[in-house]
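*Asks:* Next up, data-v4.cif (mmCIF, C-alpha atoms and all ligand atoms).
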data_query
#
loop_
_atom_site.label_atom_id
_atom_site.label_comp_id
_atom_site.auth_asym_id
_atom_site.auth_seq_id
_atom_site.Cartn_x
_atom_site.Cartn_y
_atom_site.Cartn_z
CA MET A 1 0.00 0.00 0.00
CA SER A 2 1.30 3.46 -0.86
CA ASP A 3 1.84 6.16 1.72
CA ALA A 4 -1.10 8.08 0.24
CA GLN A 5 -3.40 5.11 0.79
CA LEU A 6 -2.04 4.59 4.31
CA VAL A 7 -2.62 8.28 5.10
CA ALA A 8 -6.22 7.96 3.87
CA GLN A 9 -6.80 4.81 5.94
CA LEU A 10 -5.19 6.29 9.06
CA LYS A 11 -7.17 9.53 8.70
CA GLN A 12 -10.39 7.54 8.50
CA LEU A 13 -9.58 5.58 11.67
CA CYS A 14 -8.50 8.74 13.50
CA THR A 15 -11.65 10.61 12.43
CA GLN A 16 -13.84 7.78 13.72
CA LEU A 17 -12.07 7.97 17.08
CA VAL A 18 -12.36 11.79 17.19
CA ASP A 19 -16.11 11.52 16.49
CA PHE A 20 -16.61 8.81 19.08
CA ALA A 21 -14.61 10.58 21.80
CA ALA A 22 -16.13 14.02 21.14
CA GLY A 23 -19.57 12.41 21.62
CA CYS A 24 -18.64 11.12 25.10
CA PRO A 25 -19.45 13.13 28.23
CA ARG A 26 -16.74 15.22 29.88
CA GLY A 27 -14.17 12.96 31.54
CA GLY A 28 -15.28 9.89 29.57
CA SER A 29 -17.87 7.21 30.14
CA GLU A 30 -18.27 3.47 30.40
CA ALA A 31 -18.38 3.34 26.61
CA TRP A 32 -15.07 5.19 26.49
CA ASP A 33 -13.52 2.81 29.03
CA ALA A 34 -14.76 -0.09 26.90
CA ARG A 35 -13.17 1.47 23.80
CA LEU A 36 -9.84 1.89 25.62
CA ALA A 37 -9.95 -1.74 26.74
CA GLU A 38 -10.83 -2.87 23.23
CA LEU A 39 -7.84 -0.95 21.83
CA GLY A 40 -5.53 -2.22 24.57
CA ALA A 41 -4.88 1.42 25.52
CA ARG A 42 -4.07 2.60 29.03
CA ARG A 43 -6.49 4.59 31.15
CA LEU A 44 -5.75 6.96 34.01
CA PRO A 45 -6.68 5.86 37.53
CA ASP A 46 -9.84 7.62 38.78
CA GLU A 47 -7.95 10.03 41.06
CA GLU A 48 -5.64 11.06 38.19
CA ARG A 49 -8.71 11.65 36.02
CA GLN A 50 -10.10 13.98 38.66
CA ARG A 51 -6.82 15.84 38.92
CA HIS A 52 -6.59 16.26 35.13
CA LEU A 53 -10.18 17.53 35.01
CA LEU A 54 -9.39 20.11 37.67
CA GLN A 55 -5.93 21.21 36.52
CA GLY A 56 -5.63 20.40 32.82
CA ALA A 57 -6.98 22.28 29.83
CA PRO A 58 -10.69 23.07 30.20
CA LEU A 59 -12.99 20.52 28.53
CA ALA A 60 -16.65 20.90 27.62
CA ALA A 61 -17.02 17.25 26.63
CA GLY A 62 -15.08 14.11 25.90
CA PRO A 63 -12.46 12.04 27.67
CA LEU A 64 -9.18 13.51 28.90
CA PRO A 65 -6.72 14.53 26.18
CA LEU A 66 -4.02 12.18 27.49
CA GLU A 67 -6.35 9.17 27.31
CA PHE A 68 -7.49 10.29 23.87
CA ARG A 69 -3.84 10.36 22.75
CA TRP A 70 -3.25 6.85 24.11
CA ALA A 71 -6.30 5.59 22.22
CA LEU A 72 -5.16 7.41 19.07
CA GLU A 73 -1.69 5.87 19.35
CA ALA A 74 -3.24 2.42 19.77
CA VAL A 75 -5.38 2.98 16.65
CA ALA A 76 -2.36 4.16 14.66
CA ALA A 77 0.20 1.62 15.93
CA PRO A 78 -0.47 -1.15 13.37
CA LEU A 79 -0.25 1.28 10.43
CA LEU A 80 2.74 3.43 11.41
CA PRO A 81 5.51 0.90 10.57
CA ARG A 82 4.07 0.47 7.06
CA PHE A 83 4.81 4.01 5.92
CA ASP A 84 7.83 4.61 3.66
CA ASP A 85 8.03 8.17 4.96
CA THR A 86 8.01 7.69 8.74
CA GLY A 87 6.99 11.30 9.40
CA LYS A 88 3.62 11.00 7.65
CA GLY A 89 1.80 8.77 10.14
CA PRO A 90 2.66 10.82 13.25
CA ALA A 91 1.59 13.98 11.41
CA VAL A 92 -1.90 12.50 10.91
CA VAL A 93 -2.02 11.55 14.60
CA GLU A 94 -1.09 15.10 15.69
CA GLU A 95 -3.68 16.57 13.35
CA ALA A 96 -6.36 14.29 14.88
CA MET A 97 -5.23 15.32 18.37
CA ARG A 98 -5.67 19.00 17.50
CA SER A 99 -9.03 18.44 15.84
CA TYR A 100 -10.24 16.53 18.93
CA LEU A 101 -9.15 19.36 21.24
CA ALA A 102 -10.86 21.91 18.99
CA ARG A 103 -14.10 19.89 19.24
CA VAL A 104 -14.12 19.48 23.04
CA LYS A 105 -12.79 22.76 24.35
CA PRO A 106 -15.42 25.05 25.86
CA ARG A 107 -16.85 27.65 23.51
CA PRO A 108 -15.51 31.02 24.55
CA THR A 109 -18.12 33.29 26.05
CA THR A 110 -17.44 36.63 27.68
CA SER A 111 -17.85 35.10 31.12
CA SER A 112 -15.59 32.12 30.39
CA ILE A 113 -12.88 34.40 28.98
CA PHE A 114 -13.10 36.37 32.21
CA ALA A 115 -13.10 33.18 34.30
CA ASN A 116 -10.08 31.84 32.41
CA ALA A 117 -8.24 35.11 32.83
CA MET A 118 -8.92 35.00 36.56
CA ALA A 119 -7.87 31.36 36.82
CA THR A 120 -4.72 32.05 34.85
CA THR A 121 -3.83 35.02 37.01
CA LYS A 122 -4.30 32.90 40.10
CA THR A 123 -2.08 30.13 38.68
CA TYR A 124 0.72 32.58 37.98
CA ALA A 125 0.46 34.03 41.45
CA ASN A 126 0.66 30.54 42.94
CA THR A 127 3.60 29.35 40.89
CA GLY A 128 5.48 32.62 40.72
CA ALA A 129 5.82 32.12 36.97
CA GLY A 130 5.71 35.86 36.35
CA SER A 131 4.15 37.31 33.23
CA LYS A 132 5.58 34.78 30.75
CA THR A 133 3.07 32.13 29.68
CA LEU A 134 4.27 28.56 29.92
CA GLY A 135 1.60 26.45 28.37
CA CYS A 136 1.11 23.51 26.09
CA GLU A 137 0.94 24.52 22.44
CA THR A 138 -1.54 21.73 21.69
CA CYS A 139 -4.03 21.72 24.57
CA GLY A 140 -3.23 24.98 26.35
CA ALA A 141 -2.81 23.38 29.78
CA PRO A 142 -0.24 24.87 32.12
CA ARG A 143 2.91 22.85 32.62
CA MET A 144 2.35 20.22 35.30
CA HIS A 145 4.05 21.28 38.51
CA GLY A 146 7.40 19.55 38.88
CA ASN A 147 7.30 18.23 35.32
CA GLU A 148 10.54 19.44 33.73
CA ALA A 149 10.20 17.23 30.66
CA LEU A 150 9.17 18.87 27.42
CA VAL A 151 6.12 16.65 27.17
CA CYS A 152 2.73 17.93 28.27
CA GLY A 153 1.46 15.97 31.27
CA TYR A 154 -2.14 16.54 30.16
CA CYS A 155 -2.15 15.68 26.46
CA GLY A 156 1.24 14.06 25.82
CA SER A 157 2.34 16.61 23.23
CA GLU A 158 6.02 17.24 22.92
CA ARG A 159 6.35 20.98 22.81
CA PHE A 160 5.69 23.83 25.17
CA VAL A 161 5.60 27.48 24.25
ZN ZN A 201 -1.03 19.56 26.33
#
How does this structure look as structure tokens?

*Replies:*
Amino acid sequence: MSDAQLVAQLKQLCTQLVDFAAGCPRGGSEAWDARLAELGARRLPDEERQRHLLQGAPLAAGPLPLEFRWALEAVAAPLLPRFDDTGKGPAVVEEAMRSYLARVKPRPTTSSIFANAMATTKTYANTGAGSKTLGCETCGAPRMHGNEALVCGYCGSERFV
């Protein structure tokens, strides 16, 4: 199979997962847990889920971004080694990750912008991070306290801005 066909197949699988996950309630559901189990993907322990819901990027719906990434990686795993150009598969996965986050983030309203601004101000005051924003480029979550690695603790993306 050519890379173009693999890209098309992978996109289809990723889109199905994005649609399924975006239709789940905030924080996931039994159906989501069943999908993770079916894919052989990890899930966060309940207390970690609660912590991510409280401290990670705001979600209006859907399971936690990190669990979504694990499911996405499980979906993509059988196809990735078949690409001639090894960069193409991961690019589709990242695109699906961003489209999922765009679907589940809360719609900005005047009050939520204000609430976010207040929450952000409070976070800076608590961490002493000053005026420079240190957040995840993909999901917008603040860097997890004590996490010095350049991987987001909330969505698994590799870069911070
Ligand atoms: Zn992130």

*Asks:* Calculated over only C-alpha atoms and all ligand atoms, which of the candidates A:Ala41, A:Leu79, A:Ala96, A:Leu64 has the smallest distance to ligand ZN 201 (chain A)?

*Replies:*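 With only C-alpha atoms and all ligand atoms as the atom set, the closest residue is A:Leu64.
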
*Asks:* Residues at most 9 Å from ligand ZN 201 (chain A), using all atoms listed in the file? Could they come as a list in words?

*Replies:* Gly56, Ala57, Pro65, Leu66, Gly135, Cys136, Glu137, Thr138, Cys139, Gly140, Ala141, Pro142, Arg143, Val151, Cys152, Gly153, Tyr154, Cys155, Gly156, Ser157, Glu158, Arg159 and Phe160 of chain A

*Asks:* Find the distance between atom CA of A:Phe83 and atom CA of A:Leu6 and write it in Å to one decimal.

*Replies:* 7.1 Å

*Asks:* So how many Å separate atom CA of A:Pro90 and atom CA of A:Ala102, to one decimal?

*Replies:*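 A separation of 18.4 Å between them.
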
*Asks:* May I have the residues within 9 Å of stretch 12-18 of chain A as a PyMOL selection string, using all atoms listed in the file and disregarding those fewer than 6 positions away in the same chain?

*Replies:* chain A and resi 68+71-72+75-76+92-93+96-97+99-100+103

*Asks:* Set the distance at 12 Å and use all atoms listed in the file: which residues neighbour A:Leu36 once local chain neighbours fewer than 6 positions away are removed? I'd like the list as a PyMOL selection string.

*Replies:* chain A and resi 17+20-21+28-30+42-44+63+66-75

*Asks:* Which distance in Å separates atom CA of A:Arg107 and atom CA of A:Ala22, to one decimal?

*Replies:*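 That distance, rounded to one decimal, is 13.9 Å.
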